[in-house]
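Asker: The structure file work_11.pdb (PDB, C-alpha atoms) is provided below.
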ATOM      1  CA  MET A   1      -8.147 -17.332  -9.367  1.00  0.00           C
ATOM      2  CA  ALA A   2     -11.861 -17.973  -9.526  1.00  0.00           C
ATOM      3  CA  SER A   3     -12.743 -20.672  -7.035  1.00  0.00           C
ATOM      4  CA  SER A   4     -15.801 -21.531  -9.063  1.00  0.00           C
ATOM      5  CA  ASN A   5     -17.643 -24.752  -8.338  1.00  0.00           C
ATOM      6  CA  ALA A   6     -19.113 -24.736 -11.839  1.00  0.00           C
ATOM      7  CA  GLY A   7     -16.410 -26.834 -13.532  1.00  0.00           C
ATOM      8  CA  SER A   8     -12.986 -25.653 -14.663  1.00  0.00           C
ATOM      9  CA  SER A   9     -13.598 -26.118 -18.378  1.00  0.00           C
ATOM     10  CA  ARG A  10     -15.885 -23.127 -18.654  1.00  0.00           C
ATOM     11  CA  PRO A  11     -14.389 -20.146 -20.493  1.00  0.00           C
ATOM     12  CA  LEU A  12     -13.250 -17.150 -18.457  1.00  0.00           C
ATOM     13  CA  SER A  13     -13.593 -13.589 -19.635  1.00  0.00           C
ATOM     14  CA  PRO A  14     -10.284 -12.031 -20.775  1.00  0.00           C
ATOM     15  CA  HIS A  15      -8.212 -10.725 -17.892  1.00  0.00           C
ATOM     16  CA  LEU A  16      -5.210  -8.430 -17.516  1.00  0.00           C
ATOM     17  CA  GLN A  17      -2.637 -10.703 -19.134  1.00  0.00           C
ATOM     18  CA  ILE A  18      -4.598 -10.652 -22.403  1.00  0.00           C
ATOM     19  CA  TYR A  19      -4.068  -6.947 -23.008  1.00  0.00           C
ATOM     20  CA  ARG A  20      -0.965  -5.099 -24.209  1.00  0.00           C
ATOM     21  CA  PRO A  21       0.209  -2.940 -21.268  1.00  0.00           C
ATOM     22  CA  MET A  22      -0.670   0.707 -21.766  1.00  0.00           C
ATOM     23  CA  LEU A  23       0.071   3.773 -19.676  1.00  0.00           C
ATOM     24  CA  SER A  24      -3.594   4.332 -18.801  1.00  0.00           C
ATOM     25  CA  MET A  25      -3.854   0.737 -17.640  1.00  0.00           C
ATOM     26  CA  MET A  26      -0.653   0.994 -15.571  1.00  0.00           C
ATOM     27  CA  MET A  27      -1.925   4.228 -14.003  1.00  0.00           C
ATOM     28  CA  SER A  28      -5.183   2.506 -13.095  1.00  0.00           C
ATOM     29  CA  ILE A  29      -3.288  -0.335 -11.422  1.00  0.00           C
ATOM     30  CA  VAL A  30      -0.980   2.110  -9.635  1.00  0.00           C
ATOM     31  CA  HIS A  31      -4.052   4.042  -8.452  1.00  0.00           C
ATOM     32  CA  ARG A  32      -5.245   0.930  -6.655  1.00  0.00           C
ATOM     33  CA  ILE A  33      -1.777   0.104  -5.306  1.00  0.00           C
ATOM     34  CA  THR A  34      -1.253   3.644  -3.987  1.00  0.00           C
ATOM     35  CA  GLY A  35      -4.712   3.465  -2.413  1.00  0.00           C
ATOM     36  CA  ALA A  36      -3.777   0.273  -0.594  1.00  0.00           C
ATOM     37  CA  ALA A  37      -0.405   1.764   0.424  1.00  0.00           C
ATOM     38  CA  LEU A  38      -2.107   4.871   1.813  1.00  0.00           C
ATOM     39  CA  TYR A  39      -4.461   2.579   3.751  1.00  0.00           C
ATOM     40  CA  VAL A  40      -1.502   0.953   5.524  1.00  0.00           C
ATOM     41  CA  GLY A  41       0.311   4.299   5.689  1.00  0.00           C
ATOM     42  CA  SER A  42      -2.552   5.810   7.691  1.00  0.00           C
ATOM     43  CA  LEU A  43      -0.861   4.063  10.634  1.00  0.00           C
ATOM     44  CA  LEU A  44       2.076   6.475  10.219  1.00  0.00           C
ATOM     45  CA  LEU A  45      -0.232   9.419  10.904  1.00  0.00           C
ATOM     46  CA  VAL A  46      -1.940   7.649  13.819  1.00  0.00           C
ATOM     47  CA  ILE A  47       1.393   6.771  15.460  1.00  0.00           C
ATOM     48  CA  TRP A  48       2.632  10.350  15.029  1.00  0.00           C
ATOM     49  CA  LEU A  49      -0.572  11.837  16.502  1.00  0.00           C
ATOM     50  CA  VAL A  50      -0.765   9.368  19.397  1.00  0.00           C
ATOM     51  CA  ALA A  51       2.923  10.034  20.156  1.00  0.00           C
ATOM     52  CA  ALA A  52       2.241  13.784  20.183  1.00  0.00           C
ATOM     53  CA  ALA A  53      -0.752  13.208  22.480  1.00  0.00           C
ATOM     54  CA  SER A  54       1.343  11.014  24.801  1.00  0.00           C
ATOM     55  CA  GLY A  55       3.909  13.678  25.613  1.00  0.00           C
ATOM     56  CA  PRO A  56       7.311  15.085  24.649  1.00  0.00           C
ATOM     57  CA  SER A  57       9.422  11.953  25.153  1.00  0.00           C
ATOM     58  CA  ALA A  58       7.168   9.673  23.061  1.00  0.00           C
ATOM     59  CA  PHE A  59       7.004  12.400  20.449  1.00  0.00           C
ATOM     60  CA  GLU A  60      10.796  12.779  20.306  1.00  0.00           C
ATOM     61  CA  THR A  61      11.086   9.017  19.711  1.00  0.00           C
ATOM     62  CA  ALA A  62       8.585   9.161  16.851  1.00  0.00           C
ATOM     63  CA  GLN A  63      10.281  12.218  15.362  1.00  0.00           C
ATOM     64  CA  SER A  64      13.698  10.551  15.454  1.00  0.00           C
ATOM     65  CA  ILE A  65      12.320   7.483  13.624  1.00  0.00           C
ATOM     66  CA  TYR A  66      10.499   9.600  11.033  1.00  0.00           C
ATOM     67  CA  GLY A  67      13.561  11.830  10.719  1.00  0.00           C
ATOM     68  CA  SER A  68      15.936   8.919  10.012  1.00  0.00           C
ATOM     69  CA  ILE A  69      17.004   8.243   6.438  1.00  0.00           C
ATOM     70  CA  LEU A  70      14.704   5.216   6.167  1.00  0.00           C
ATOM     71  CA  GLY A  71      11.871   7.203   7.757  1.00  0.00           C
ATOM     72  CA  GLN A  72      12.351  10.057   5.313  1.00  0.00           C
ATOM     73  CA  LEU A  73      12.362   7.638   2.357  1.00  0.00           C
ATOM     74  CA  VAL A  74       9.100   6.073   3.547  1.00  0.00           C
ATOM     75  CA  LEU A  75       7.546   9.519   4.058  1.00  0.00           C
ATOM     76  CA  PHE A  76       8.730  10.596   0.594  1.00  0.00           C
ATOM     77  CA  GLY A  77       7.067   7.507  -0.901  1.00  0.00           C
ATOM     78  CA  TYR A  78       3.962   8.162   1.191  1.00  0.00           C
ATOM     79  CA  THR A  79       3.816  11.739  -0.137  1.00  0.00           C
ATOM     80  CA  TRP A  80       4.077  10.530  -3.726  1.00  0.00           C
ATOM     81  CA  ALA A  81       1.406   7.860  -3.164  1.00  0.00           C
ATOM     82  CA  LEU A  82      -0.911  10.509  -1.696  1.00  0.00           C
ATOM     83  CA  ILE A  83      -0.394  12.995  -4.539  1.00  0.00           C
ATOM     84  CA  HIS A  84      -0.567  10.319  -7.237  1.00  0.00           C
ATOM     85  CA  HIS A  85      -3.776   8.895  -5.778  1.00  0.00           C
ATOM     86  CA  ALA A  86      -5.259  12.397  -5.413  1.00  0.00           C
ATOM     87  CA  LEU A  87      -4.486  13.329  -9.036  1.00  0.00           C
ATOM     88  CA  GLY A  88      -5.775   9.927 -10.182  1.00  0.00           C
ATOM     89  CA  GLY A  89      -8.931  10.703  -8.223  1.00  0.00           C
ATOM     90  CA  VAL A  90      -9.321  14.036 -10.023  1.00  0.00           C
ATOM     91  CA  ARG A  91      -8.950  12.205 -13.356  1.00  0.00           C
ATOM     92  CA  HIS A  92     -11.665   9.757 -12.348  1.00  0.00           C
ATOM     93  CA  LEU A  93     -13.950  12.582 -11.214  1.00  0.00           C
ATOM     94  CA  ILE A  94     -13.509  14.225 -14.639  1.00  0.00           C
ATOM     95  CA  TRP A  95     -14.230  10.895 -16.355  1.00  0.00           C
ATOM     96  CA  ASP A  96     -17.301  10.465 -14.098  1.00  0.00           C
ATOM     97  CA  THR A  97     -18.819  13.493 -15.811  1.00  0.00           C
ATOM     98  CA  GLY A  98     -18.374  11.790 -19.188  1.00  0.00           C
ATOM     99  CA  ARG A  99     -15.653  14.216 -20.294  1.00  0.00           C
ATOM    100  CA  GLY A 100     -12.071  13.535 -21.339  1.00  0.00           C
ATOM    101  CA  PHE A 101     -12.504  10.179 -23.008  1.00  0.00           C
ATOM    102  CA  ASP A 102     -11.121  11.066 -26.450  1.00  0.00           C
ATOM    103  CA  HIS A 103      -7.589   9.922 -27.177  1.00  0.00           C
ATOM    104  CA  GLN A 104      -5.866  13.278 -26.766  1.00  0.00           C
ATOM    105  CA  SER A 105      -7.614  14.256 -23.490  1.00  0.00           C
ATOM    106  CA  ARG A 106      -7.049  10.780 -22.118  1.00  0.00           C
ATOM    107  CA  GLU A 107      -3.318  10.883 -22.802  1.00  0.00           C
ATOM    108  CA  ARG A 108      -3.091  14.433 -21.437  1.00  0.00           C
ATOM    109  CA  LEU A 109      -4.848  13.469 -18.184  1.00  0.00           C
ATOM    110  CA  ILE A 110      -2.711  10.356 -17.781  1.00  0.00           C
ATOM    111  CA  LYS A 111       0.631  12.065 -18.442  1.00  0.00           C
ATOM    112  CA  GLY A 112      -0.376  15.145 -16.464  1.00  0.00           C
ATOM    113  CA  GLY A 113      -1.191  12.928 -13.483  1.00  0.00           C
ATOM    114  CA  LEU A 114       2.124  11.108 -13.621  1.00  0.00           C
ATOM    115  CA  ILE A 115       4.341  14.144 -14.184  1.00  0.00           C
ATOM    116  CA  GLY A 116       2.272  16.263 -11.791  1.00  0.00           C
ATOM    117  CA  SER A 117       2.550  13.726  -8.981  1.00  0.00           C
ATOM    118  CA  ILE A 118       6.335  13.569  -9.259  1.00  0.00           C
ATOM    119  CA  ALA A 119       6.720  17.348  -9.600  1.00  0.00           C
ATOM    120  CA  LEU A 120       4.440  18.118  -6.636  1.00  0.00           C
ATOM    121  CA  THR A 121       6.114  15.509  -4.420  1.00  0.00           C
ATOM    122  CA  VAL A 122       9.568  16.925  -5.155  1.00  0.00           C
ATOM    123  CA  LEU A 123       8.263  20.473  -4.629  1.00  0.00           C
ATOM    124  CA  ILE A 124       6.773  19.568  -1.221  1.00  0.00           C
ATOM    125  CA  TRP A 125      10.045  18.029  -0.063  1.00  0.00           C
ATOM    126  CA  VAL A 126      12.112  20.920  -1.377  1.00  0.00           C
ATOM    127  CA  VAL A 127       9.906  23.220   0.716  1.00  0.00           C
ATOM    128  CA  VAL A 128      10.283  20.931   3.762  1.00  0.00           C
ATOM    129  CA  TYR A 129      14.079  20.885   3.534  1.00  0.00           C
ATOM    130  CA  ALA A 130      14.351  24.571   2.620  1.00  0.00           C
ATOM    131  CA  THR A 131      12.285  25.663   5.621  1.00  0.00           C
ATOM    132  CA  HIS A 132      13.333  23.070   8.186  1.00  0.00           C
ATOM    133  CA  GLY A 133      16.819  21.971   7.228  1.00  0.00           C
ATOM    134  CA  ALA A 134      18.138  18.475   6.718  1.00  0.00           C
ATOM    135  CA  THR A 135      16.587  17.095   9.926  1.00  0.00           C
ATOM    136  CA  GLY A 136      13.223  16.996   8.113  1.00  0.00           C
TER     137      GLY A 136
ATOM    138  CA  MET B   1     -47.574  -2.952  -2.019  1.00  0.00           C
ATOM    139  CA  ARG B   2     -44.347  -3.171  -4.013  1.00  0.00           C
ATOM    140  CA  THR B   3     -43.859  -5.268  -7.074  1.00  0.00           C
ATOM    141  CA  PRO B   4     -40.746  -7.485  -7.209  1.00  0.00           C
ATOM    142  CA  LEU B   5     -39.296  -5.204  -9.888  1.00  0.00           C
ATOM    143  CA  GLY B   6     -39.941  -2.113  -7.775  1.00  0.00           C
ATOM    144  CA  GLN B   7     -38.023  -3.606  -4.876  1.00  0.00           C
ATOM    145  CA  VAL B   8     -34.810  -4.094  -6.823  1.00  0.00           C
ATOM    146  CA  ARG B   9     -34.942  -1.282  -9.361  1.00  0.00           C
ATOM    147  CA  GLY B  10     -31.890   0.935  -8.975  1.00  0.00           C
ATOM    148  CA  LEU B  11     -30.257  -1.294  -6.372  1.00  0.00           C
ATOM    149  CA  GLY B  12     -27.962  -3.271  -8.678  1.00  0.00           C
ATOM    150  CA  ALA B  13     -26.231  -6.586  -8.075  1.00  0.00           C
ATOM    151  CA  ALA B  14     -24.890  -5.624  -4.655  1.00  0.00           C
ATOM    152  CA  GLY B  15     -28.373  -4.822  -3.392  1.00  0.00           C
ATOM    153  CA  SER B  16     -27.283  -1.459  -2.041  1.00  0.00           C
ATOM    154  CA  GLY B  17     -27.756   0.801  -5.038  1.00  0.00           C
ATOM    155  CA  THR B  18     -25.253   3.530  -5.769  1.00  0.00           C
ATOM    156  CA  ASP B  19     -24.675   4.592  -2.135  1.00  0.00           C
ATOM    157  CA  HIS B  20     -21.208   3.057  -2.128  1.00  0.00           C
ATOM    158  CA  PHE B  21     -20.229   4.650  -5.444  1.00  0.00           C
ATOM    159  CA  TRP B  22     -21.556   8.023  -4.354  1.00  0.00           C
ATOM    160  CA  LEU B  23     -19.904   7.959  -0.903  1.00  0.00           C
ATOM    161  CA  GLN B  24     -16.538   7.204  -2.538  1.00  0.00           C
ATOM    162  CA  ARG B  25     -16.934  10.259  -4.831  1.00  0.00           C
ATOM    163  CA  LEU B  26     -18.197  12.468  -2.005  1.00  0.00           C
ATOM    164  CA  THR B  27     -15.236  11.634   0.224  1.00  0.00           C
ATOM    165  CA  ALA B  28     -12.870  11.884  -2.777  1.00  0.00           C
ATOM    166  CA  VAL B  29     -13.883  15.537  -3.160  1.00  0.00           C
ATOM    167  CA  SER B  30     -13.608  16.261   0.576  1.00  0.00           C
ATOM    168  CA  ASN B  31     -10.266  14.419   0.677  1.00  0.00           C
ATOM    169  CA  LEU B  32      -8.899  16.679  -2.067  1.00  0.00           C
ATOM    170  CA  VAL B  33      -9.621  19.809  -0.041  1.00  0.00           C
ATOM    171  CA  LEU B  34      -8.733  18.389   3.379  1.00  0.00           C
ATOM    172  CA  SER B  35      -5.554  16.570   2.343  1.00  0.00           C
ATOM    173  CA  THR B  36      -4.272  19.822   0.821  1.00  0.00           C
ATOM    174  CA  VAL B  37      -4.701  21.356   4.276  1.00  0.00           C
ATOM    175  CA  PHE B  38      -3.146  18.256   5.866  1.00  0.00           C
ATOM    176  CA  VAL B  39      -0.033  18.417   3.649  1.00  0.00           C
ATOM    177  CA  GLY B  40       0.254  22.148   4.357  1.00  0.00           C
ATOM    178  CA  VAL B  41       0.074  21.573   8.128  1.00  0.00           C
ATOM    179  CA  LEU B  42       2.629  18.758   8.024  1.00  0.00           C
ATOM    180  CA  VAL B  43       5.048  20.709   5.821  1.00  0.00           C
ATOM    181  CA  SER B  44       4.897  23.594   8.286  1.00  0.00           C
ATOM    182  CA  LEU B  45       5.402  21.234  11.263  1.00  0.00           C
ATOM    183  CA  ALA B  46       8.072  18.897   9.808  1.00  0.00           C
ATOM    184  CA  GLY B  47      10.752  18.251  12.404  1.00  0.00           C
ATOM    185  CA  ASP B  48       9.366  20.791  14.888  1.00  0.00           C
ATOM    186  CA  SER B  49       9.476  20.387  18.663  1.00  0.00           C
ATOM    187  CA  HIS B  50       6.645  18.811  20.638  1.00  0.00           C
ATOM    188  CA  ALA B  51       5.574  22.182  22.048  1.00  0.00           C
ATOM    189  CA  SER B  52       5.349  23.739  18.607  1.00  0.00           C
ATOM    190  CA  VAL B  53       3.429  20.794  17.110  1.00  0.00           C
ATOM    191  CA  VAL B  54       0.976  20.761  20.031  1.00  0.00           C
ATOM    192  CA  ALA B  55       0.497  24.530  19.765  1.00  0.00           C
ATOM    193  CA  THR B  56      -0.357  24.298  16.059  1.00  0.00           C
ATOM    194  CA  LEU B  57      -2.572  21.206  16.290  1.00  0.00           C
ATOM    195  CA  SER B  58      -4.540  22.650  19.210  1.00  0.00           C
ATOM    196  CA  ASN B  59      -5.499  25.716  17.208  1.00  0.00           C
ATOM    197  CA  PRO B  60      -9.278  25.213  16.808  1.00  0.00           C
ATOM    198  CA  ILE B  61      -9.311  25.788  13.033  1.00  0.00           C
ATOM    199  CA  VAL B  62      -6.383  23.413  12.462  1.00  0.00           C
ATOM    200  CA  ALA B  63      -7.862  20.840  14.857  1.00  0.00           C
ATOM    201  CA  ILE B  64     -11.292  20.909  13.178  1.00  0.00           C
ATOM    202  CA  LEU B  65      -9.771  20.582   9.694  1.00  0.00           C
ATOM    203  CA  MET B  66      -7.544  17.709  10.850  1.00  0.00           C
ATOM    204  CA  LEU B  67     -10.539  15.943  12.444  1.00  0.00           C
ATOM    205  CA  LEU B  68     -12.553  16.356   9.238  1.00  0.00           C
ATOM    206  CA  PHE B  69      -9.552  15.054   7.269  1.00  0.00           C
ATOM    207  CA  VAL B  70      -9.278  11.940   9.434  1.00  0.00           C
ATOM    208  CA  ILE B  71     -13.007  11.141   9.225  1.00  0.00           C
ATOM    209  CA  SER B  72     -13.160  11.730   5.462  1.00  0.00           C
ATOM    210  CA  VAL B  73     -10.042   9.628   4.815  1.00  0.00           C
ATOM    211  CA  VAL B  74     -11.123   6.749   7.044  1.00  0.00           C
ATOM    212  CA  VAL B  75     -14.527   6.459   5.352  1.00  0.00           C
ATOM    213  CA  HIS B  76     -12.907   6.640   1.901  1.00  0.00           C
ATOM    214  CA  MET B  77     -10.189   4.093   2.634  1.00  0.00           C
ATOM    215  CA  ARG B  78     -12.605   1.643   4.248  1.00  0.00           C
ATOM    216  CA  ILE B  79     -14.882   1.403   1.219  1.00  0.00           C
ATOM    217  CA  GLY B  80     -11.877   1.503  -1.119  1.00  0.00           C
ATOM    218  CA  MET B  81     -10.312  -1.500   0.591  1.00  0.00           C
ATOM    219  CA  GLN B  82     -13.717  -3.193   0.625  1.00  0.00           C
ATOM    220  CA  VAL B  83     -13.774  -3.031  -3.192  1.00  0.00           C
ATOM    221  CA  ILE B  84     -10.250  -4.470  -3.374  1.00  0.00           C
ATOM    222  CA  ILE B  85     -11.218  -7.364  -1.083  1.00  0.00           C
ATOM    223  CA  GLU B  86     -14.414  -8.053  -3.035  1.00  0.00           C
ATOM    224  CA  ASP B  87     -12.433  -8.054  -6.297  1.00  0.00           C
ATOM    225  CA  TYR B  88      -9.761 -10.548  -5.261  1.00  0.00           C
ATOM    226  CA  VAL B  89     -11.131 -12.710  -2.450  1.00  0.00           C
ATOM    227  CA  HIS B  90     -13.937 -14.974  -3.573  1.00  0.00           C
ATOM    228  CA  ALA B  91     -14.059 -17.689  -0.914  1.00  0.00           C
ATOM    229  CA  GLU B  92     -16.859 -16.801   1.471  1.00  0.00           C
ATOM    230  CA  LEU B  93     -15.200 -17.148   4.882  1.00  0.00           C
ATOM    231  CA  PRO B  94     -11.875 -15.384   4.113  1.00  0.00           C
ATOM    232  CA  LYS B  95     -13.852 -12.631   2.389  1.00  0.00           C
ATOM    233  CA  LEU B  96     -16.117 -12.119   5.397  1.00  0.00           C
ATOM    234  CA  LEU B  97     -13.154 -12.113   7.804  1.00  0.00           C
ATOM    235  CA  LEU B  98     -11.221  -9.625   5.685  1.00  0.00           C
ATOM    236  CA  LEU B  99     -14.275  -7.357   5.353  1.00  0.00           C
ATOM    237  CA  MET B 100     -14.679  -7.459   9.139  1.00  0.00           C
ATOM    238  CA  GLY B 101     -10.969  -6.789   9.641  1.00  0.00           C
ATOM    239  CA  ASN B 102     -11.200  -3.904   7.196  1.00  0.00           C
ATOM    240  CA  THR B 103     -13.968  -2.246   9.195  1.00  0.00           C
ATOM    241  CA  PHE B 104     -12.148  -2.847  12.488  1.00  0.00           C
ATOM    242  CA  PHE B 105      -8.932  -1.361  11.062  1.00  0.00           C
ATOM    243  CA  ALA B 106     -10.714   1.735   9.788  1.00  0.00           C
ATOM    244  CA  ILE B 107     -12.450   2.264  13.138  1.00  0.00           C
ATOM    245  CA  VAL B 108      -9.234   1.776  15.138  1.00  0.00           C
ATOM    246  CA  VAL B 109      -7.304   4.174  12.885  1.00  0.00           C
ATOM    247  CA  GLY B 110     -10.105   6.753  12.904  1.00  0.00           C
ATOM    248  CA  LEU B 111     -10.826   6.626  16.612  1.00  0.00           C
ATOM    249  CA  SER B 112      -7.132   6.677  17.620  1.00  0.00           C
ATOM    250  CA  ALA B 113      -6.415   9.702  15.433  1.00  0.00           C
ATOM    251  CA  VAL B 114      -9.543  11.538  16.637  1.00  0.00           C
ATOM    252  CA  PHE B 115      -8.757  10.763  20.286  1.00  0.00           C
ATOM    253  CA  ALA B 116      -5.146  11.931  19.881  1.00  0.00           C
ATOM    254  CA  LEU B 117      -6.218  15.153  18.151  1.00  0.00           C
ATOM    255  CA  LEU B 118      -8.796  15.896  20.865  1.00  0.00           C
ATOM    256  CA  LYS B 119      -6.312  15.140  23.651  1.00  0.00           C
ATOM    257  CA  ILE B 120      -3.770  17.455  22.019  1.00  0.00           C
ATOM    258  CA  SER B 121      -6.434  20.155  21.737  1.00  0.00           C
ATOM    259  CA  PHE B 122      -7.736  19.840  25.286  1.00  0.00           C
ATOM    260  CA  GLY B 123      -4.312  19.613  26.875  1.00  0.00           C
ATOM    261  CA  VAL B 124      -1.634  16.897  26.970  1.00  0.00           C
TER     262      VAL B 124
END
Let me see whether you can do it: turn the structure in this file into structure tokens.

Answerer:
Amino acid sequence: MASSNAGSSRPLSPHLQIYRPMLSMMMSIVHRITGAALYVGSLLLVIWLVAAASGPSAFETAQSIYGSILGQLVLFGYTWALIHHALGGVRHLIWDTGRGFDHQSRERLIKGGLIGSIALTVLIWVVVYATHGATG
Amino acid sequence: MRTPLGQVRGLGAAGSGTDHFWLQRLTAVSNLVLSTVFVGVLVSLAGDSHASVVATLSNPIVAILMLLFVISVVVHMRIGMQVIIEDYVHAELPKLLLLMGNTFFAIVVGLSAVFALLKISFGV
């Protein structure tokens, strides 16, 4: 990994594979992965907006792609990534103030973030389908 | 007259102090508020016709909030991806190219979204 020119025999500091996987660690990794996914996913919003700005026919094309089963699955994943990253961000903002580092608070924040992200994502999509029907 | 210590105090290893850290927190807070609005707007528009989407997005309040959302998100995602690149890419040239590409991507995404939102607002 390290392309160091200082000789390969030097000791490296312990990295991920040294530690027993824990939920807080997985959530931290997923926070970064969802961030990167949202980065790429920003193109979805740009394409949708540019299609809307281009006129009805371009917009209908975009809508039919986003409304397809694959499109809906991607948008569902995008929603979860957004909510998960947002809740992870709240957790980090709380930690930034120096609060919530004891074992119980830590576990509560971690589990709350995971369960909350799934619950909110499902809730959003239930509302979408309930108010707009199966066409999304 | 500044002593050598005075010139680096508070700037850290990156030489740019805590600006980067602070900007990420600042935009994290604005993202929380603005992405809530964004999700609300998209849920209300899901699957709607072009006319209906254009009518909603050209409402000044909606348009301003969407523009703020885009700017806040683009700034946040650019420095977020910068940290990822700096963490994993250590060879100088690939790192520089990726950091450049990262900035270009953020600008293209931000400008395209802003242009589209303004065009929708001012008339397709």

Asker: Between atom CA of Ala86 of chain A and atom CA of Ser117 of chain A, what is the distance in Å, rounded to a tenth?

Answerer: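 Between these atoms lies a distance of 8.7 Å.
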
Asker: Tell me which of A:Gly116, A:Gly71, A:Gly98, A:Gly133 sits closest to chain B, counting only C-alpha atoms.

Answerer: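 Answer, going by the shortest atom-to-atom distance: A:Gly133.
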
Asker: Just to confirm, what's the straight-line distance from atom CA of Ala58 of chain A to atom CA of Asn31 of chain B in Å (one decimal)?

Answerer: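 Taking atom CA of Ala58 of chain A and atom CA of Asn31 of chain B, their separation equals 28.8 Å.
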
Asker: Which is closest to chain B among A:Gly55, A:Gly88, A:Gly100, A:Gly113, if we use all atoms listed in the file?

Answerer: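 Checking each candidate against chain B, we get A:Gly55 as the closest.
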
Asker: If we count all atoms listed in the file, which residues of chain B reach to within 8 Å of chain A? Please list them as number ranges by chain.

Answerer: B: 25, 28, 32, 43-44, 46-47, 49-51, 53-54, 77, 80-81, 90-91, 109, 112-113, 116-117, 119-120, 124

Asker: Where does the PyMOL selection byres ((chain B and resi 57) around 10) land in this file, that is, which residues does it pick, as a PyMOL selection string?

Answerer: (chain A and resi 49+52) or (chain B and resi 41+45+52-56+58-66+117-118+120-121)

Asker: Could you tell me how far atom CA of His15 of chain A lies from atom CA of His76 of chain B, in Å and to one decimal?

Answerer: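 Distance between the two atoms: 26.7 Å.
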
Asker: Find the residues near segment 101-104 of chain A: any atom within 12 Å, counting only C-alpha atoms, skip ones fewer than 6 places away on the same chain, and give them as a count of residues only.

Answerer: 8

Asker: Would you please work out which residue, of B:Phe21, B:Leu42, B:Leu26, B:Val114, is nearest to Gln82 of chain B when using only C-alpha atoms?

Answerer: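 That would be B:Phe21, the residue with the smallest distance to Gln82 of chain B.
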
Asker: Select, from B:Val39, B:Arg2, B:Leu68, B:Leu98, the residue with the minimum atom-to-atom distance to Trp80 of chain A, counting all atoms listed in the file.

Answerer: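 Among the listed residues, B:Val39 lies closest to Trp80 of chain A.
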
Asker: Restricting the calculation to only C-alpha atoms, which member of A:Leu12, A:Arg108, A:Gly77, A:Leu114 is positioned closest to His31 of chain A?

Answerer: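 Closest to His31 of chain A of all the choices is A:Leu114.
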
Asker: Do you know which residues are at most 9 Å from Val30 of chain A counting all atoms listed in the file, after dropping those on the same chain fewer than 4 positions away, and could you put them as a list of chain:residue names?

Answerer: A:Met25, A:Met26, A:Thr34, A:Gly35, A:Ala81, A:His84, A:His85
